[in-house]
file upload.txt (compact mmCIF, C-alpha atoms and all ligand atoms)
# COMPACT_ATOMS: atom_id res chain seq x y z
CA MET A 99 0.00 0.00 0.00
CA GLN A 100 1.08 3.57 -0.75
CA LEU A 101 0.64 6.64 1.44
CA SER A 102 -1.49 8.25 -1.29
CA GLU A 103 -3.98 5.37 -0.90
CA LEU A 104 -4.47 5.99 2.81
CA ASN A 105 -7.41 7.89 4.27
CA VAL A 106 -5.80 10.78 6.11
CA GLY A 107 -7.65 12.95 8.63
CA LEU A 108 -6.38 16.01 10.48
CA ILE A 109 -8.29 16.74 13.67
CA PHE A 110 -7.66 20.03 15.42
CA GLY A 111 -8.96 22.11 18.31
CA THR A 112 -8.48 25.88 18.46
CA ASP A 113 -9.44 28.97 20.45
CA THR A 114 -8.18 31.77 18.21
CA GLY A 115 -7.66 29.99 14.89
CA ASN A 116 -3.90 29.40 14.77
CA THR A 117 -4.10 25.61 15.04
CA GLU A 118 -6.64 25.48 12.23
CA ASP A 119 -4.50 27.74 10.07
CA VAL A 120 -1.45 25.53 10.62
CA GLY A 121 -3.66 22.51 9.83
CA THR A 122 -4.57 24.05 6.48
CA ARG A 123 -0.90 24.65 5.74
CA ILE A 124 -0.08 21.01 6.61
CA GLN A 125 -2.90 19.94 4.28
CA THR A 126 -1.44 22.03 1.42
CA GLU A 127 2.03 20.61 2.04
CA MET A 128 0.72 17.04 2.07
CA GLN A 129 -1.01 17.71 -1.26
CA LYS A 130 2.39 18.48 -2.76
CA HIS A 131 3.30 14.88 -1.90
CA GLY A 132 0.10 13.61 -3.54
CA VAL A 133 -1.68 13.03 -0.23
CA GLU A 134 -5.22 14.34 0.34
CA VAL A 135 -6.00 15.29 3.94
CA GLU A 136 -9.44 15.95 5.38
CA LEU A 137 -9.61 18.67 8.07
CA ILE A 138 -12.04 18.21 10.96
CA ASN A 139 -12.65 20.35 14.04
CA ILE A 140 -12.56 18.21 17.19
CA THR A 141 -16.02 19.58 18.02
CA GLU A 142 -17.30 17.62 15.00
CA ALA A 143 -15.23 14.47 15.45
CA SER A 144 -16.41 11.22 17.02
CA PRO A 145 -14.66 7.88 17.68
CA GLU A 146 -16.58 6.48 14.68
CA VAL A 147 -15.30 9.25 12.38
CA CYS A 148 -11.81 8.71 13.69
CA GLU A 149 -11.90 5.00 13.02
CA THR A 150 -12.52 5.62 9.29
CA TYR A 151 -8.99 7.02 8.83
CA ASP A 152 -5.76 5.05 8.39
CA PHE A 153 -3.55 7.99 9.33
CA LEU A 154 -4.56 10.70 11.79
CA ILE A 155 -2.84 14.01 12.45
CA PHE A 156 -3.89 15.74 15.68
CA GLY A 157 -3.42 19.48 16.36
CA ILE A 158 -3.66 21.11 19.79
CA PRO A 159 -2.68 24.48 21.31
CA THR A 160 -1.78 24.99 24.99
CA TRP A 161 -3.72 27.59 26.97
CA ASP A 162 -3.57 29.13 30.45
CA PHE A 163 -0.33 27.87 31.97
CA GLY A 164 -0.21 24.33 30.66
CA GLY A 165 -3.96 23.95 30.14
CA ILE A 166 -5.65 21.79 27.53
CA GLN A 167 -7.59 23.56 24.78
CA GLN A 168 -11.19 23.32 25.95
CA ASP A 169 -12.71 21.32 23.06
CA TRP A 170 -9.97 18.72 23.34
CA GLU A 171 -10.50 18.48 27.08
CA GLU A 172 -14.22 17.90 26.53
CA ALA A 173 -13.45 15.20 23.96
CA GLU A 174 -11.37 13.16 26.39
CA GLU A 175 -14.22 10.89 27.48
CA THR A 176 -15.58 10.43 23.94
CA PHE A 177 -13.21 10.90 21.06
CA LEU A 178 -10.09 9.67 22.81
CA THR A 179 -11.77 6.36 23.64
CA ALA A 180 -11.52 5.30 19.96
CA ASN A 181 -9.64 2.11 19.18
CA LEU A 182 -6.89 3.17 16.79
CA THR A 183 -4.85 -0.03 16.89
CA GLY A 184 -3.10 -0.54 13.56
CA LYS A 185 -3.45 3.12 12.60
CA ILE A 186 -0.75 5.74 12.24
CA ALA A 187 -0.90 9.01 14.18
CA ALA A 188 1.16 12.21 14.36
CA LEU A 189 0.77 15.31 16.52
CA TYR A 190 1.44 19.00 16.21
CA GLY A 191 1.17 21.57 18.95
CA LEU A 192 1.02 25.35 19.18
CA GLY A 193 2.42 27.41 22.03
CA ASP A 194 4.43 30.46 23.03
CA GLN A 195 7.94 29.59 24.24
CA PHE A 196 8.86 33.02 25.63
CA GLY A 197 5.50 33.93 27.14
CA TYR A 198 4.91 30.50 28.69
CA GLY A 199 8.38 28.94 28.86
CA ASP A 200 7.53 26.80 31.90
CA PHE A 201 4.55 25.26 30.12
CA PHE A 202 5.62 25.22 26.49
CA LEU A 203 3.30 22.95 24.46
CA ASP A 204 2.21 21.03 27.55
CA ALA A 205 -1.13 20.12 25.95
CA MET A 206 0.63 18.25 23.14
CA GLY A 207 2.25 16.04 25.80
CA TRP A 208 -1.16 15.44 27.37
CA LEU A 209 -2.59 14.47 24.01
CA HIS A 210 0.34 12.22 23.14
CA GLU A 211 -0.19 10.21 26.31
CA ARG A 212 -3.82 9.64 25.34
CA VAL A 213 -3.21 8.91 21.67
CA VAL A 214 -0.70 6.21 22.67
CA LYS A 215 -3.48 4.62 24.76
CA THR A 216 -5.74 4.39 21.68
CA GLY A 217 -3.23 1.89 20.26
CA ALA A 218 -2.07 4.06 17.32
CA THR A 219 1.57 4.06 16.22
CA VAL A 220 2.84 7.60 16.71
CA ILE A 221 5.36 9.04 14.24
CA GLY A 222 6.68 12.56 13.58
CA PHE A 223 8.80 13.32 16.65
CA TRP A 224 10.58 16.63 16.30
CA PRO A 225 13.94 17.99 17.60
CA THR A 226 13.93 20.61 20.38
CA GLU A 227 16.89 22.37 18.80
CA GLY A 228 16.05 25.95 17.84
CA TYR A 229 13.52 26.50 20.64
CA GLU A 230 14.09 28.25 24.01
CA PHE A 231 11.98 27.13 26.93
CA THR A 232 12.44 25.94 30.52
CA GLU A 233 9.88 23.16 30.90
CA SER A 234 7.54 21.21 28.66
CA GLN A 235 5.34 18.15 29.11
CA ALA A 236 5.76 17.46 25.39
CA VAL A 237 9.44 16.38 25.48
CA ASN A 238 11.27 13.11 26.11
CA ASP A 239 13.39 12.60 29.27
CA GLU A 240 16.54 13.85 27.53
CA LYS A 241 14.68 16.97 26.30
CA THR A 242 16.01 16.29 22.81
CA GLU A 243 12.66 15.67 21.12
CA PHE A 244 9.06 16.86 21.19
CA CYS A 245 6.37 14.23 20.70
CA GLY A 246 5.23 16.08 17.57
CA LEU A 247 5.79 19.19 15.50
CA ALA A 248 6.30 22.29 17.67
CA ILE A 249 4.88 25.51 16.23
CA ASP A 250 5.20 28.95 17.81
CA GLU A 251 3.13 31.49 15.90
CA ASP A 252 3.65 34.07 18.64
CA GLN A 253 7.46 34.18 18.69
CA GLN A 254 8.78 32.31 15.64
CA PHE A 255 6.07 32.64 12.99
CA GLU A 256 8.73 33.22 10.34
CA LEU A 257 9.96 29.64 10.84
CA THR A 258 6.55 27.98 10.58
CA ASP A 259 6.41 27.31 6.82
CA GLU A 260 9.88 25.77 6.79
CA ARG A 261 9.08 23.64 9.83
CA ILE A 262 5.83 22.39 8.30
CA SER A 263 7.50 21.55 5.03
CA LYS A 264 10.31 19.59 6.75
CA TRP A 265 7.93 17.78 9.09
CA VAL A 266 5.58 16.75 6.29
CA GLU A 267 8.52 15.34 4.36
CA GLN A 268 9.54 13.44 7.50
CA LEU A 269 5.98 12.09 7.90
CA VAL A 270 5.88 10.93 4.30
CA ASN A 271 9.19 9.08 4.73
CA GLU A 272 8.28 7.54 8.09
CA CYS A 273 4.90 6.46 6.74
CA ALA A 274 6.47 4.86 3.69
CA GLU A 275 8.85 2.92 5.95
CA LEU A 276 6.00 1.73 8.16
CA LEU A 277 3.91 0.64 5.19
CA GLN A 278 6.89 -1.25 3.77
CA GLU A 279 7.42 -3.02 7.09
CA LEU A 280 3.74 -3.99 7.20
CA SER A 281 3.79 -5.43 3.69
CA ALA A 282 7.06 -7.36 4.27
C1 LIG B 1 -3.76 33.64 27.95
C2 LIG B 1 -2.85 32.75 27.15
C3 LIG B 1 -2.32 31.63 27.76
C4 LIG B 1 -1.42 30.80 27.05
N1 LIG B 1 -0.84 29.72 27.70
C5 LIG B 1 0.12 29.00 27.05
C6 LIG B 1 0.83 27.96 27.73
O1 LIG B 1 0.60 27.65 28.91
N2 LIG B 1 1.79 27.27 27.03
C7 LIG B 1 2.08 27.55 25.72
O2 LIG B 1 2.96 26.90 25.15
N3 LIG B 1 1.41 28.54 25.06
C8 LIG B 1 0.45 29.27 25.67
N4 LIG B 1 -0.22 30.27 25.01
C9 LIG B 1 0.06 30.51 23.57
C10 LIG B 1 -1.00 29.85 22.65
O3 LIG B 1 -0.93 28.44 22.72
C11 LIG B 1 -0.74 30.27 21.20
O4 LIG B 1 -1.05 31.64 21.07
C12 LIG B 1 -1.46 29.47 20.15
O5 LIG B 1 -0.99 29.83 18.88
C13 LIG B 1 -2.98 29.60 20.20
O6 LIG B 1 -3.55 28.68 19.31
P1 LIG B 1 -5.08 28.74 18.83
O7 LIG B 1 -5.25 30.06 18.08
O8 LIG B 1 -5.23 27.58 17.91
O9 LIG B 1 -5.97 28.65 20.01
C14 LIG B 1 -1.12 31.10 25.69
C15 LIG B 1 -1.67 32.23 25.10
C16 LIG B 1 -2.52 33.06 25.82
C17 LIG B 1 -3.05 34.30 25.15

call {"tool": "encode", "arguments": {"input": "upload.txt", "output": "structure tokens"}}
result
Amino acid sequence: MQLSELNVGLIFGTDTGNTEDVGTRIQTEMQKHGVEVELINITEASPEVCETYDFLIFGIPTWDFGGIQQDWEEAEETFLTANLTGKIAALYGLGDQFGYGDFFLDAMGWLHERVVKTGATVIGFWPTEGYEFTESQAVNDEKTEFCGLAIDEDQQFELTDERISKWVEQLVNECAELLQELSA
């Protein structure tokens, strides 16, 4: 199977629109690789909808000192109970590293923990190099990697397009490897 044959969904939550905007830019970038992505607001997603996709990209911003974006928080008991075993997942998070450097992208870490519990295989980890923050719940123990793409539209908006383009390329390659392993 090829990546272009997969059903790909991008599910986002947002308060002021940035996470949706970045989702649209990821969609455009995926199209350049021949991959169609369907964008869905978490307020309209259900476990049943989720289960129709082979590859899911989840977008979440962090609010109020490490808080979870409200629609995602409300979806915890419903949407995040989906069984995604055998599916591929990737995450992206939005935050402000200078304004909230003790809580940078915490919500992405929260979401990662829950997505892992759905049984999905998570890809798309992203280096912490090039970011300045003190603490984050979205990093590994060594603080070398985020559990997904880190976007800062408040402080580093000029780097966003390049980051998206690199990350999408990484996703395409990691997906191809996974699909090859599965067919071997
Ligand atoms: C009141 C307020 C609280 C915030 N708290 C955090 C935070 O704890 N951690 C973080 O990384 N970013 C924080 N941010 C930055 C937002 O995550 C960022 O602006 C993001 O792009 C918003 O995404 P949205 O438009 O999709 O809601 C905060 C921003 C505001 C205005």

call {"tool": "atom_distance", "arguments": {"input": "upload.txt", "atom1": "atom CA of Asp162 of chain A", "atom2": "atom CA of Ile249 of chain A"}}
result
16.9 Å

call {"tool": "residues_near_ligand", "arguments": {"input": "upload.txt", "ligand": "ligand LIG 1 (chain B)", "cutoff": "10 Å", "atoms": "all atoms listed in the file", "output": "number ranges by chain"}}
result
A: 110-121, 157-168, 191-206, 231, 233-236, 248-253, 255

call {"tool": "atom_distance", "arguments": {"input": "upload.txt", "atom1": "atom CA of Pro145 of chain A", "atom2": "atom CA of Leu104 of chain A"}}
result
18.1 Å

call {"tool": "closest_residue", "arguments": {"input": "upload.txt", "among": "A:Leu277, A:Met128, A:Ala187, A:Val237", "to": "Gly217 of chain A", "atoms": "all atoms listed in the file"}}
result
A:Ala187

call {"tool": "closest_residue", "arguments": {"input": "upload.txt", "among": "A:Glu243, A:Asp169, A:Glu267, A:Glu146", "to": "Gly132 of chain A", "atoms": "all atoms listed in the file"}}
result
A:Glu267

call {"tool": "residues_near_point", "arguments": {"input": "upload.txt", "point": "(-0.2, 4.7, 17.6)", "cutoff": "9 Å", "atoms": "all atoms listed in the file", "output": "list of chain:residue names"}}
result
A:Leu182, A:Thr183, A:Gly184, A:Lys185, A:Ile186, A:Ala187, A:Ala188, A:Val213, A:Val214, A:Lys215, A:Thr216, A:Gly217, A:Ala218, A:Thr219, A:Val220, A:Ile221

call {"tool": "residues_around", "arguments": {"input": "upload.txt", "residues": "Glu136 of chain A", "least_positions_apart": "6", "cutoff": "10 Å", "atoms": "only C-alpha atoms", "output": "MDAnalysis selection string"}}
result
chainID A and resid 105:109 121:122 125 151 154:155

call {"tool": "write_last_selection", "arguments": {"input": "upload.txt", "atoms": "C-alpha atoms", "output": "PDB file, in the coordinates of the input"}}
result
ATOM      1  CA  ASN A 105      -7.410   7.890   4.270  1.00  0.00           C
ATOM      2  CA  VAL A 106      -5.800  10.780   6.110  1.00  0.00           C
ATOM      3  CA  GLY A 107      -7.650  12.950   8.630  1.00  0.00           C
ATOM      4  CA  LEU A 108      -6.380  16.010  10.480  1.00  0.00           C
ATOM      5  CA  ILE A 109      -8.290  16.740  13.670  1.00  0.00           C
ATOM      6  CA  GLY A 121      -3.660  22.510   9.830  1.00  0.00           C
ATOM      7  CA  THR A 122      -4.570  24.050   6.480  1.00  0.00           C
ATOM      8  CA  GLN A 125      -2.900  19.940   4.280  1.00  0.00           C
ATOM      9  CA  TYR A 151      -8.990   7.020   8.830  1.00  0.00           C
ATOM     10  CA  LEU A 154      -4.560  10.700  11.790  1.00  0.00           C
ATOM     11  CA  ILE A 155      -2.840  14.010  12.450  1.00  0.00           C
TER      12      ILE A 155
END

call {"tool": "atom_distance", "arguments": {"input": "upload.txt", "atom1": "atom CA of Gly228 of chain A", "atom2": "atom CA of Thr126 of chain A"}}
result
24.3 Å

call {"tool": "closest_residue", "arguments": {"input": "upload.txt", "among": "A:Ser281, A:Glu227, A:Glu211, A:Glu127", "to": "Lys241 of chain A", "atoms": "only C-alpha atoms"}}
result
A:Glu227

call {"tool": "closest_residue", "arguments": {"input": "upload.txt", "among": "A:Gly222, A:Asn238, A:Glu230, A:Phe156", "to": "Leu209 of chain A", "atoms": "only C-alpha atoms"}}
result
A:Phe156

call {"tool": "closest_residue", "arguments": {"input": "upload.txt", "among": "A:Asn271, A:Thr150, A:Thr242, A:Asn181", "to": "Leu101 of chain A", "atoms": "only C-alpha atoms"}}
result
A:Asn271
